[in-house]
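The file my_file_11.cif comes next; it holds mmCIF, C-alpha atoms.
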```
data_run
loop_
_atom_site.label_atom_id
_atom_site.label_comp_id
_atom_site.auth_asym_id
_atom_site.auth_seq_id
_atom_site.Cartn_x
_atom_site.Cartn_y
_atom_site.Cartn_z
CA MET A 1 206.22 -76.08 42.52
CA ARG A 2 207.92 -79.38 42.61
CA ASN A 3 207.10 -83.03 43.03
CA SER A 4 209.52 -85.38 43.35
CA PRO A 5 203.00 -90.99 65.02
CA GLY A 6 197.46 -93.13 70.55
CA LEU A 7 197.27 -91.23 68.95
CA LEU A 8 199.02 -91.68 65.79
CA LEU A 9 196.85 -90.25 63.18
CA ARG A 10 197.85 -88.41 60.14
CA ARG A 11 197.66 -87.56 56.51
CA ALA A 12 196.57 -85.01 54.04
CA ILE A 13 197.09 -83.36 50.64
CA VAL A 14 195.78 -81.60 47.73
CA GLY A 15 197.04 -78.90 45.50
CA CYS A 16 196.69 -77.49 42.15
CA SER A 17 198.80 -77.75 39.03
CA ALA A 18 198.41 -76.79 35.44
CA LEU A 19 194.76 -77.15 36.04
CA ALA A 20 191.53 -75.61 35.07
CA ILE A 21 188.57 -76.00 37.43
CA PHE A 22 185.24 -74.33 36.88
CA SER A 23 182.66 -74.44 39.65
CA THR A 24 179.17 -73.06 39.37
CA PHE A 25 176.66 -73.39 42.17
CA TRP A 26 172.90 -73.39 42.48
CA ALA A 27 170.85 -72.07 45.39
CA ALA A 28 169.03 -74.46 47.75
CA GLY A 29 166.15 -73.37 49.79
CA GLY A 30 194.39 -80.44 76.47
CA PRO A 31 196.53 -83.67 76.43
CA ALA A 32 195.81 -86.30 73.88
CA THR A 33 194.10 -89.10 75.80
CA ALA A 34 191.92 -90.77 73.20
CA ALA A 35 193.12 -93.97 71.56
CA PRO A 36 192.71 -94.52 67.84
CA PRO A 37 189.47 -96.37 67.10
CA ALA A 38 190.39 -100.01 66.56
CA ALA A 39 187.02 -101.35 65.41
CA GLN A 40 186.62 -99.06 62.43
CA PRO A 41 188.50 -99.66 59.18
CA PRO A 42 190.25 -96.79 57.42
CA ALA A 43 188.26 -94.84 54.90
CA ALA A 44 188.32 -96.06 51.32
CA GLU A 45 190.69 -94.25 48.99
CA ALA A 46 190.62 -93.22 45.35
CA GLU A 47 193.29 -91.82 43.07
CA SER A 48 190.99 -89.05 41.94
CA LEU A 49 187.73 -87.50 43.13
CA ALA A 50 185.62 -85.27 40.92
CA PHE A 51 184.75 -81.93 42.43
CA THR A 52 181.36 -82.25 44.16
CA GLN A 53 179.16 -79.76 45.93
CA ARG A 54 179.36 -80.73 49.61
CA TYR A 55 176.99 -78.07 51.00
CA HIS A 56 174.69 -75.43 49.62
CA ALA A 57 172.18 -73.02 51.14
CA LEU A 58 170.33 -69.82 50.40
CA GLN A 59 170.25 -67.92 53.69
CA HIS A 60 171.20 -64.71 55.46
CA GLY A 61 174.77 -65.34 56.60
CA GLY A 62 178.20 -66.30 55.34
CA ILE A 63 181.17 -68.64 55.57
CA VAL A 64 184.29 -68.29 57.76
CA ARG A 65 187.30 -70.54 57.93
CA ALA A 66 190.23 -71.44 60.20
CA ALA A 67 193.42 -72.91 58.76
CA ASN A 68 197.07 -73.65 59.42
CA SER A 69 199.99 -75.65 58.12
CA SER A 70 201.31 -78.81 59.81
CA ILE A 71 204.94 -78.67 58.71
CA SER A 72 207.57 -75.99 58.14
CA CYS A 73 211.30 -75.57 57.60
CA ARG A 74 213.73 -76.17 60.45
CA SER A 75 215.10 -72.99 62.04
CA SER A 76 218.48 -72.29 60.52
CA THR A 77 220.67 -69.34 59.70
CA LYS A 78 222.17 -71.11 56.71
CA PRO A 79 220.83 -70.48 53.23
CA ALA A 80 218.99 -73.35 51.60
CA ARG A 81 220.05 -74.76 48.28
CA PRO A 82 219.51 -72.61 45.20
CA HIS A 83 215.89 -72.17 44.24
CA GLY A 84 214.88 -73.17 40.75
CA PRO A 85 216.20 -75.53 38.06
CA ALA A 86 219.91 -76.01 37.61
CA LYS A 87 219.77 -74.74 34.06
CA THR A 88 217.28 -72.08 33.10
CA ALA A 89 218.01 -70.24 29.87
CA GLY A 90 218.28 -66.51 30.36
CA THR A 91 217.53 -66.68 34.08
CA ALA A 92 220.09 -66.49 36.88
CA ARG A 93 219.64 -68.93 39.75
CA VAL A 94 218.52 -67.38 43.02
CA THR A 95 219.79 -68.51 46.41
CA ALA A 96 216.88 -69.34 48.69
CA PRO A 97 216.63 -67.42 51.99
CA ALA A 98 217.33 -68.92 55.39
CA CYS A 99 214.42 -70.61 57.17
CA PRO A 100 213.54 -67.68 59.50
CA ALA A 101 213.33 -65.32 56.55
CA ALA A 102 211.16 -67.77 54.62
CA ARG A 103 208.76 -68.11 57.56
CA LYS A 104 208.46 -64.32 57.68
CA GLY A 105 207.42 -64.19 54.05
CA ALA A 106 210.46 -64.35 51.79
CA ALA A 107 210.01 -66.11 48.47
CA ALA A 108 211.04 -69.76 48.99
CA ALA A 109 209.79 -73.27 48.21
CA ASN A 110 209.38 -76.31 50.46
CA ASP A 111 211.98 -78.30 48.50
CA ASP A 112 214.57 -75.67 49.40
CA PHE A 113 214.59 -76.91 53.02
CA ASP A 114 214.79 -79.78 55.43
CA MET A 115 211.16 -79.70 56.59
CA PHE A 116 210.01 -80.67 60.09
CA TYR A 117 206.74 -80.93 62.02
CA ILE A 118 204.99 -77.98 63.62
CA ASP A 119 204.02 -79.02 67.18
CA VAL A 120 202.53 -76.37 69.48
CA ASP A 121 200.54 -78.39 72.05
CA ASN A 122 203.31 -79.48 74.52
CA ASP A 123 201.85 -82.99 74.38
CA PRO A 124 204.42 -85.82 74.07
CA ASN A 125 201.78 -88.04 72.45
CA THR A 126 201.52 -85.92 69.32
CA TYR A 127 204.18 -85.27 66.74
CA ASN A 128 202.47 -82.43 64.91
CA SER A 129 199.87 -79.88 65.94
CA SER A 130 198.84 -76.34 65.06
CA ARG A 131 196.01 -73.96 65.95
CA ALA A 132 193.77 -71.49 64.20
CA GLU A 133 190.80 -69.33 65.09
CA VAL A 134 187.18 -69.70 64.05
CA ARG A 135 185.74 -66.20 64.33
CA LEU A 136 181.94 -66.12 64.08
CA PRO A 137 180.03 -62.83 64.17
CA LYS A 138 177.76 -62.13 67.13
CA GLY A 139 174.36 -63.76 66.72
CA ALA A 140 175.52 -66.31 64.14
CA ARG A 141 174.13 -69.85 64.14
CA VAL A 142 176.37 -72.55 62.65
CA THR A 143 174.59 -74.46 59.89
CA TYR A 144 177.48 -76.55 58.57
CA ALA A 145 181.18 -77.14 59.30
CA ARG A 146 183.70 -79.36 57.56
CA LEU A 147 187.40 -80.03 58.23
CA TYR A 148 189.80 -80.72 55.36
CA TRP A 149 193.34 -82.01 55.85
CA GLY A 150 196.08 -83.26 53.55
CA GLY A 151 199.75 -83.41 52.63
CA ASN A 152 202.65 -85.28 51.09
CA LEU A 153 203.45 -88.75 52.51
CA ARG A 154 206.77 -89.25 50.75
CA VAL A 155 209.73 -86.96 51.44
CA GLY A 156 212.79 -87.92 53.53
CA GLU A 157 210.49 -90.58 55.01
CA GLN A 158 207.47 -92.49 53.72
CA LYS A 159 204.32 -92.28 55.82
CA PRO A 160 201.89 -95.24 55.65
CA PRO A 161 198.60 -94.28 54.02
CA LYS A 162 196.54 -96.22 56.59
CA ASP A 163 196.31 -93.07 58.74
CA ASN A 164 195.29 -90.68 55.99
CA GLY A 165 191.69 -90.60 57.10
CA ARG A 166 192.19 -89.91 60.82
CA LEU A 167 193.58 -87.23 63.09
CA LEU A 168 192.98 -85.46 66.42
CA ILE A 169 190.99 -82.26 66.92
CA ALA A 170 190.36 -80.16 70.02
CA GLU A 171 187.79 -77.38 70.27
CA PRO A 172 188.65 -74.17 72.18
CA GLY A 173 189.60 -75.18 75.73
CA GLY A 174 188.80 -78.84 75.06
CA ALA A 175 190.69 -82.15 74.91
CA TYR A 176 191.61 -84.02 71.78
CA LYS A 177 189.00 -86.18 70.07
CA ASP A 178 189.57 -88.76 67.37
CA LEU A 179 188.20 -87.73 64.02
CA LEU A 180 187.71 -90.07 61.06
CA ALA A 181 187.11 -89.08 57.47
CA ASP A 182 183.48 -89.61 56.53
CA ARG A 183 183.96 -89.85 52.78
CA VAL A 184 186.40 -91.42 50.35
CA VAL A 185 189.96 -90.16 50.78
CA GLY A 186 191.78 -88.87 47.74
CA HIS A 187 195.23 -90.47 47.53
CA ARG A 188 197.61 -90.66 44.62
CA ALA A 189 201.35 -91.09 44.12
CA ALA A 190 202.55 -88.99 41.22
CA GLY A 191 205.47 -86.82 40.19
CA GLY A 192 207.64 -87.91 43.11
CA ALA A 193 204.97 -87.06 45.70
CA ASP A 194 202.51 -89.29 47.56
CA ALA A 195 199.59 -86.93 48.06
CA PHE A 196 196.24 -87.16 49.80
CA GLN A 197 193.29 -85.17 51.13
CA ALA A 198 190.62 -86.24 53.62
CA SER A 199 187.64 -84.50 55.21
CA ALA A 200 184.96 -84.90 57.88
CA ASP A 201 181.75 -83.20 59.00
CA VAL A 202 182.36 -81.40 62.32
CA THR A 203 179.13 -79.40 62.47
CA ARG A 204 178.11 -80.62 65.96
CA MET A 205 181.45 -79.70 67.48
CA VAL A 206 181.65 -76.25 65.98
CA ARG A 207 177.97 -75.51 66.66
CA ALA A 208 178.54 -76.32 70.37
CA SER A 209 181.97 -74.70 70.77
CA ARG A 210 181.59 -71.75 68.41
CA SER A 211 184.39 -69.22 68.16
CA GLY A 212 187.95 -69.70 69.41
CA LEU A 213 191.20 -71.52 68.71
CA TYR A 214 190.83 -75.05 67.36
CA THR A 215 193.82 -77.42 67.50
CA VAL A 216 194.42 -80.08 64.86
CA ALA A 217 197.08 -82.76 65.41
CA GLN A 218 198.50 -85.87 63.76
CA VAL A 219 198.00 -84.86 60.16
CA ASN A 220 199.70 -87.67 58.26
CA VAL A 221 202.46 -85.70 56.59
CA ALA A 222 206.09 -86.66 55.99
CA LYS A 223 209.13 -84.66 57.09
CA GLY A 224 212.50 -84.31 55.40
CA ARG A 225 213.76 -82.97 52.12
CA SER A 226 213.26 -84.06 48.54
CA ALA A 227 212.71 -82.67 45.07
CA ALA A 228 208.96 -83.10 45.61
CA GLY A 229 209.08 -81.16 48.89
CA ALA A 230 207.24 -81.62 52.18
CA TRP A 231 203.88 -79.89 52.67
CA GLY A 232 200.54 -80.26 54.41
CA GLY A 233 197.91 -78.56 56.55
CA TRP A 234 194.23 -78.25 57.44
CA THR A 235 191.26 -75.96 56.86
CA LEU A 236 187.99 -75.76 58.80
CA MET A 237 185.13 -74.22 56.78
CA VAL A 238 182.09 -72.98 58.73
CA ALA A 239 178.81 -71.80 57.20
CA TYR A 240 176.50 -69.76 59.43
CA GLU A 241 173.10 -68.06 59.44
CA ARG A 242 172.69 -64.51 60.75
CA LYS A 243 169.62 -62.38 60.09
CA ALA A 244 171.55 -59.12 60.11
CA GLU A 245 173.53 -60.12 57.02
CA PRO A 246 172.45 -60.10 53.37
CA LEU A 247 170.73 -63.03 51.72
CA ARG A 248 173.50 -65.07 50.16
CA HIS A 249 174.23 -68.17 48.17
CA LEU A 250 176.55 -70.32 50.33
CA ALA A 251 178.32 -73.31 48.79
CA ILE A 252 181.25 -75.61 49.51
CA TRP A 253 182.87 -77.97 47.00
CA ASP A 254 185.65 -80.52 47.33
CA GLY A 255 187.56 -83.00 45.17
CA PHE A 256 190.98 -84.47 44.52
CA GLU A 257 192.92 -84.51 41.29
CA LYS A 258 196.55 -84.27 40.26
CA LEU A 259 196.82 -82.01 37.26
CA GLY A 260 199.64 -81.05 34.96
CA PRO A 261 200.39 -78.20 32.55
CA ARG A 262 198.30 -79.68 29.75
CA GLU A 263 195.49 -81.15 31.85
CA GLY A 264 192.25 -79.59 33.04
CA GLN A 265 188.93 -80.29 34.68
CA VAL A 266 185.55 -78.61 34.33
CA VAL A 267 182.78 -78.82 36.92
CA SER A 268 179.38 -77.24 36.28
CA LEU A 269 176.85 -77.08 39.11
CA GLY A 270 173.76 -75.35 37.77
CA ARG A 271 172.51 -71.80 37.34
CA LEU A 272 171.31 -68.96 39.54
CA ALA A 273 170.24 -65.38 39.27
CA LEU A 274 172.82 -62.86 40.37
CA PRO A 275 172.32 -59.22 41.35
CA GLU A 276 173.56 -56.49 39.06
CA PHE A 277 176.61 -55.93 41.25
CA VAL A 278 178.05 -59.25 42.47
CA ARG A 279 179.48 -59.05 45.99
CA GLY A 280 180.95 -61.85 48.08
CA ARG A 281 183.95 -64.01 48.87
CA VAL A 282 185.56 -67.17 47.58
CA GLY A 283 187.86 -69.49 49.56
CA LEU A 284 190.41 -71.91 48.11
CA VAL A 285 192.44 -74.81 49.59
CA ALA A 286 195.45 -75.97 47.58
CA TYR A 287 198.73 -77.83 48.09
CA ASN A 288 202.32 -77.41 46.99
CA GLY A 289 202.17 -73.87 45.70
CA ASP A 290 205.49 -72.02 45.83
CA ARG A 291 205.84 -68.32 46.51
CA GLY A 292 207.47 -66.40 43.72
CA ARG A 293 206.84 -68.97 40.99
CA LYS A 294 204.29 -67.39 38.69
CA GLY A 295 201.78 -69.08 36.44
CA ASP A 296 198.71 -69.81 38.60
CA SER A 297 195.49 -67.85 38.98
CA LEU A 298 191.90 -67.93 40.20
CA ALA A 299 189.32 -66.36 37.91
CA VAL A 300 185.57 -65.87 38.21
CA SER A 301 182.90 -65.51 35.56
CA THR A 302 179.19 -64.72 35.81
CA GLY A 303 178.49 -65.98 32.31
CA ARG A 304 178.94 -62.60 30.72
CA GLY A 305 182.13 -61.28 29.23
CA THR A 306 185.61 -62.47 29.94
CA PRO A 307 186.50 -64.00 33.34
CA THR A 308 187.92 -61.71 36.03
CA VAL A 309 191.19 -62.80 37.63
CA LEU A 310 191.09 -62.41 41.43
CA GLY A 311 193.91 -61.25 43.69
CA ASP A 312 194.87 -59.00 46.60
CA SER A 313 197.96 -57.68 48.35
CA ALA A 314 198.83 -61.17 49.69
CA ASN A 315 197.89 -63.08 46.55
CA PRO A 316 199.17 -61.72 43.24
CA ARG A 317 196.89 -62.38 40.29
CA ASP A 318 199.56 -64.49 38.62
CA ASP A 319 200.76 -66.27 41.82
CA VAL A 320 197.66 -67.10 43.84
CA LEU A 321 199.12 -70.47 44.90
CA ASN A 322 201.88 -68.78 46.87
CA SER A 323 201.89 -70.56 50.27
CA THR A 324 199.60 -68.16 52.13
CA ILE A 325 196.76 -68.38 54.65
CA GLY A 326 195.08 -65.06 54.14
CA GLY A 327 191.80 -63.28 53.96
CA PRO A 328 190.15 -59.87 53.67
CA GLY A 329 189.47 -57.58 56.61
CA ALA A 330 191.58 -55.50 58.94
CA ALA A 331 191.68 -58.04 61.81
CA ALA A 332 193.63 -61.14 60.80
CA MET A 333 192.55 -64.60 61.94
CA GLU A 334 194.72 -65.81 64.85
CA ARG A 335 197.04 -68.74 64.11
CA VAL A 336 199.67 -70.60 66.17
CA PRO A 337 202.16 -70.47 64.62
CA ALA A 338 201.39 -67.66 62.19
CA TYR A 339 204.03 -68.11 59.51
CA SER A 340 203.60 -65.82 56.54
CA ASN A 341 205.04 -68.33 54.08
CA THR A 342 203.51 -71.73 54.80
CA LEU A 343 205.84 -73.45 52.33
CA GLY A 344 203.35 -75.37 50.24
CA TYR A 345 199.94 -74.90 51.86
CA ASP A 346 197.35 -72.40 50.64
CA SER A 347 194.06 -71.53 52.32
CA ASP A 348 192.97 -68.15 51.04
CA VAL A 349 189.82 -66.05 51.03
CA LEU A 350 189.46 -63.46 48.27
CA GLU A 351 186.90 -60.74 47.70
CA LEU A 352 184.76 -60.61 44.60
CA GLY A 353 185.42 -56.98 43.85
CA LYS A 354 184.18 -54.27 41.55
CA GLY A 355 185.76 -55.87 38.51
CA ILE A 356 183.18 -58.69 38.40
CA ARG A 357 180.90 -58.46 35.36
CA ARG A 358 177.37 -57.27 36.05
CA GLY A 359 174.49 -59.71 36.25
CA GLY A 360 174.63 -63.08 34.57
CA ASP A 361 173.09 -66.45 35.38
CA GLN A 362 176.06 -68.41 36.68
CA LEU A 363 179.12 -68.12 38.88
CA ALA A 364 182.13 -70.09 37.69
CA PHE A 365 185.59 -70.27 39.20
CA ARG A 366 188.61 -71.25 37.16
CA ILE A 367 191.87 -72.26 38.82
CA VAL A 368 194.90 -72.48 36.57
CA SER A 369 198.49 -73.48 37.26
CA GLN A 370 201.23 -73.73 34.69
CA ARG A 371 203.48 -75.61 37.08
CA ASP A 372 204.14 -79.33 37.34
CA ALA A 373 203.12 -80.47 40.84
CA ALA A 374 200.05 -79.01 42.50
CA TRP A 375 196.69 -80.15 43.84
CA VAL A 376 193.48 -78.32 44.67
CA GLY A 377 191.21 -79.73 47.39
CA ALA A 378 188.30 -77.48 48.31
CA LEU A 379 186.52 -74.30 47.32
CA PHE A 380 183.77 -72.23 48.94
CA ALA A 381 181.74 -69.24 47.87
CA ALA A 382 179.48 -66.84 49.74
CA VAL A 383 177.82 -64.48 47.28
CA ASP A 384 174.93 -62.04 47.55
CA ALA A 385 171.68 -63.35 46.05
CA LYS A 386 169.33 -61.45 43.77
CA GLN A 387 166.23 -60.30 45.67
#
```
Output the file's structure in the form of C-alpha cells.
Amino acid sequence: MRNSPGLLLRRAIVGCSALAIFSTFWAAGGPATAAPPAAQPPAAEAESLAFTQRYHALQHGGIVRAANSSISCRSSTKPARPHGPAKTAGTARVTAPACPAARKGAAAANDDFDMFYIDVDNDPNTYNSSRAEVRLPKGARVTYARLYWGGNLRVGEQKPPKDNGRLLIAEPGGAYKDLLADRVVGHRAAGGADAFQASADVTRMVRASRSGLYTVAQVNVAKGRSAAGAWGGWTLMVAYERKAEPLRHLAIWDGFEKLGPREGQVVSLGRLALPEFVRGRVGLVAYNGDRGRKGDSLAVSTGRGTPTVLGDSANPRDDVLNSTIGGPGAAAMERVPAYSNTLGYDSDVLELGKGIRRGGDQLAFRIVSQRDAAWVGALFAAVDAKQ
C-alpha cells in the first residue's frame, strides 16, 4: 500500500492503514443532461471524521450492497515497474504483471501502473462511470440506502477538491441525476495522497427503482501514476425489511481517518444480546489496499474470548484489504466492468461463520493494517438477534 470533468462532478476516498477500529452496535426498535447545481455550496470538509452509526434497526431483513471502482490501469502488454521497495532485505523484488493480468486478478498495486478512468456509459459528458447491481430479494421493502464514494485527488494530476461532494447517479434504466453529499466530507492530504470520502442518502431513489444496475459517474478521482497510486470507487448500501427472513440487528457506520502503523481508533456503540450461535454478515469499504501485501485483517468479537479473524477464498485473513469487490453466495453481483483486482478499492462482504464465539453482549469489529497508506470509510453489519 503506498501513498505518495455539466456535469463535472467527482471525488472520493477512504482506506485503511495500520489501524484498529472497533465498532459495536445497539438495536433500535441514459445521457447526462443535468447541470451541476449552481446555487448550492459544496459540502463542508474535515480532515478526520470519527466513525458514527449512520443507521440502525431491529427488523426482519438484511443489507445488500452494489459497488465498483472508478479507475483502473491502462490496457498494456508491457510489465509495470517492479512491485515493492527498491531494497528489501532478504526479499527478491517481483516484477508486476501486465495490466490485463492484473485486472484478471494477479497480485499488483495501483502504483505499479499508469492509471486511467473507467467509463462505460458512452456519454461524452462524463469522464468516468461504472455500474453495479443492487439485488434485493423478492418481497423486500427498502428501509434505508446510502451511497459512499471516494478516491485519491493527487496522482499524475491534481483534482480540485470543490467537486468532492458531488457526482452523477442513474437508477436502472434511468437518466443521470445530480447527487450532493448530505454530510461533512472527509478530506485530508497525507503521505503523498490527497484522499477523500463523501456520502449521501439515496433511500427514495432505491426504494422506487429497486433492483437492477445503478450507474455512478464523475467520482472526483485523479488519473496517472505516482508513488501514492491512483484509486477510487463507490459503494451503495441498502437495508431492507422482509418478513420471511430472521429478525436481525442491521447497522451502518461511516467515518474518515488516515491511520499509520502505530495509530489506532476505537469506536464503541453500545451493547446487545446475541444468540448462542452468531450468524450474519459484515461489509467493509476501504481504500488503497494492495493485493499480495500482507498485514491487514478484519476481526470480530462478541465480548467473550479472543477475537475471530474473518476471511474467505477471495479475502485472505492476513490480506483482507486486497483490492476486491466480493461477497458470499453462489451468484455474484453483476458489475460493469467486473475486474477481479480493483487496484486500490475494497468493498467486501464477509460471513460471520462458525468460528464466532458463542453468546456475549457486544459485537465489535477490529480492522488492522500494518501498511503505511490506507483509509477505511464505511462498515455495515446484519446479524441475527436473540429472540
On this file, the PyMOL selection byres ((chain A and resi 277-289) around 6) gives some set of residues; write that set as a tab-separated table (two decimals) with C-alpha atoms, in the coordinates of the input.
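In the end it all went to part_13.tsv:
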```tsv
chain	number	residue	atom	x	y	z
A	1	MET	CA	206.22	-76.08	42.52
A	14	VAL	CA	195.78	-81.60	47.73
A	15	GLY	CA	197.04	-78.90	45.50
A	16	CYS	CA	196.69	-77.49	42.15
A	275	PRO	CA	172.32	-59.22	41.35
A	276	GLU	CA	173.56	-56.49	39.06
A	290	ASP	CA	205.49	-72.02	45.83
A	321	LEU	CA	199.12	-70.47	44.90
A	322	ASN	CA	201.88	-68.78	46.87
A	323	SER	CA	201.89	-70.56	50.27
A	344	GLY	CA	203.35	-75.37	50.24
A	345	TYR	CA	199.94	-74.90	51.86
A	346	ASP	CA	197.35	-72.40	50.64
A	347	SER	CA	194.06	-71.53	52.32
A	348	ASP	CA	192.97	-68.15	51.04
A	349	VAL	CA	189.82	-66.05	51.03
A	350	LEU	CA	189.46	-63.46	48.27
A	351	GLU	CA	186.90	-60.74	47.70
A	352	LEU	CA	184.76	-60.61	44.60
A	358	ARG	CA	177.37	-57.27	36.05
A	374	ALA	CA	200.05	-79.01	42.50
A	375	TRP	CA	196.69	-80.15	43.84
A	376	VAL	CA	193.48	-78.32	44.67
A	377	GLY	CA	191.21	-79.73	47.39
A	378	ALA	CA	188.30	-77.48	48.31
A	379	LEU	CA	186.52	-74.30	47.32
A	380	PHE	CA	183.77	-72.23	48.94
A	381	ALA	CA	181.74	-69.24	47.87
A	382	ALA	CA	179.48	-66.84	49.74
A	383	VAL	CA	177.82	-64.48	47.28
A	384	ASP	CA	174.93	-62.04	47.55
```
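Here the residues that fall within 7 Å of (175.9, -77.4, 47.8), using all atoms listed in the file, are given as Phe25, Gln53, Arg54, Tyr55, His56, Ala57, Ala251 and Ile252 of chain A.
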Region 105-118 of chain A environment, 7 Å, all atoms listed in the file, sequence neighbours closer than 5 positions dropped, as a PDB file with C-alpha atoms, in the frame of the given file:
```
ATOM      1  CA  SER A  70     201.310 -78.810  59.810  1.00  0.00           C
ATOM      2  CA  ILE A  71     204.940 -78.670  58.710  1.00  0.00           C
ATOM      3  CA  SER A  72     207.570 -75.990  58.140  1.00  0.00           C
ATOM      4  CA  CYS A  73     211.300 -75.570  57.600  1.00  0.00           C
ATOM      5  CA  ARG A  74     213.730 -76.170  60.450  1.00  0.00           C
ATOM      6  CA  ALA A  80     218.990 -73.350  51.600  1.00  0.00           C
ATOM      7  CA  ARG A  81     220.050 -74.760  48.280  1.00  0.00           C
ATOM      8  CA  HIS A  83     215.890 -72.170  44.240  1.00  0.00           C
ATOM      9  CA  ALA A  96     216.880 -69.340  48.690  1.00  0.00           C
ATOM     10  CA  PRO A  97     216.630 -67.420  51.990  1.00  0.00           C
ATOM     11  CA  TYR A 127     204.180 -85.270  66.740  1.00  0.00           C
ATOM     12  CA  ASN A 128     202.470 -82.430  64.910  1.00  0.00           C
ATOM     13  CA  SER A 129     199.870 -79.880  65.940  1.00  0.00           C
ATOM     14  CA  SER A 130     198.840 -76.340  65.060  1.00  0.00           C
ATOM     15  CA  LYS A 223     209.130 -84.660  57.090  1.00  0.00           C
ATOM     16  CA  GLY A 224     212.500 -84.310  55.400  1.00  0.00           C
ATOM     17  CA  ARG A 225     213.760 -82.970  52.120  1.00  0.00           C
ATOM     18  CA  SER A 226     213.260 -84.060  48.540  1.00  0.00           C
ATOM     19  CA  ALA A 227     212.710 -82.670  45.070  1.00  0.00           C
ATOM     20  CA  ALA A 228     208.960 -83.100  45.610  1.00  0.00           C
ATOM     21  CA  GLY A 229     209.080 -81.160  48.890  1.00  0.00           C
ATOM     22  CA  ALA A 230     207.240 -81.620  52.180  1.00  0.00           C
ATOM     23  CA  TRP A 231     203.880 -79.890  52.670  1.00  0.00           C
ATOM     24  CA  ASP A 290     205.490 -72.020  45.830  1.00  0.00           C
ATOM     25  CA  ARG A 291     205.840 -68.320  46.510  1.00  0.00           C
ATOM     26  CA  GLY A 292     207.470 -66.400  43.720  1.00  0.00           C
ATOM     27  CA  SER A 340     203.600 -65.820  56.540  1.00  0.00           C
ATOM     28  CA  ASN A 341     205.040 -68.330  54.080  1.00  0.00           C
ATOM     29  CA  LEU A 343     205.840 -73.450  52.330  1.00  0.00           C
ATOM     30  CA  GLY A 344     203.350 -75.370  50.240  1.00  0.00           C
TER      31      GLY A 344
END
```
Which value, in Å to one decimal, gives the distance between CA of Lys177 (chain A) and CA of Val64 (chain A)?
22.2 Å
Starting from the PyMOL selection byres ((chain A and resi 136) around 10), expand the selection into actual residues of this file and give them as a VMD selection string.
chain A and resid 62 to 65 133 to 135 137 to 142 210 to 212 238 to 240 242
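If you measure from each of A:Phe196, A:Tyr148, A:Tyr214, A:Trp234 to Ala175 (chain A) using all atoms listed in the file, the closest one turns out to be A:Tyr214.
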Give me the result of the PyMOL selection byres ((chain A and resi 180) around 9) on this file, residue by residue, as number ranges by chain.
A: 37, 42-43, 165-168, 178-179, 181-182, 198-200
So which residues touch Val221 (chain A) within 10 Å, counting all atoms listed in the file, skipping near sequence neighbours fewer than 6 positions away, as a count of residues only?
32
Centre and edges of the region 44-50 of chain A box, axis-aligned, 5 Å extra per side, as JSON:
```
{"center_x": 189.5, "center_y": -90.7, "center_z": 46.1, "size_x": 17.7, "size_y": 20.8, "size_z": 20.4}
```
Between CA of Arg188 (chain A) and CA of Val202 (chain A), what distance in Å does the model show, to one decimal?
25.1 Å
Find the residue from A:Pro307, A:Gly353, A:Pro316, A:Gly255 that sits nearest to Val184 (chain A); use all atoms listed in the file when measuring.
A:Gly255
One-decimal distance in Å that lies between CA of Thr302 (chain A) and CA of Pro246 (chain A):
19.4 Å
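Of the residues under consideration (A:Leu213, A:Ala299, A:Val336, A:Ala208), A:Val336 shows the shortest atom-to-atom contact distance to Asp119 (chain A) when counting only C-alpha atoms.
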So which residues touch Leu310 (chain A) within 7 Å, counting all atoms listed in the file, skipping near sequence neighbours fewer than 2 positions away, as number ranges by chain?
A: 298-299, 308, 317
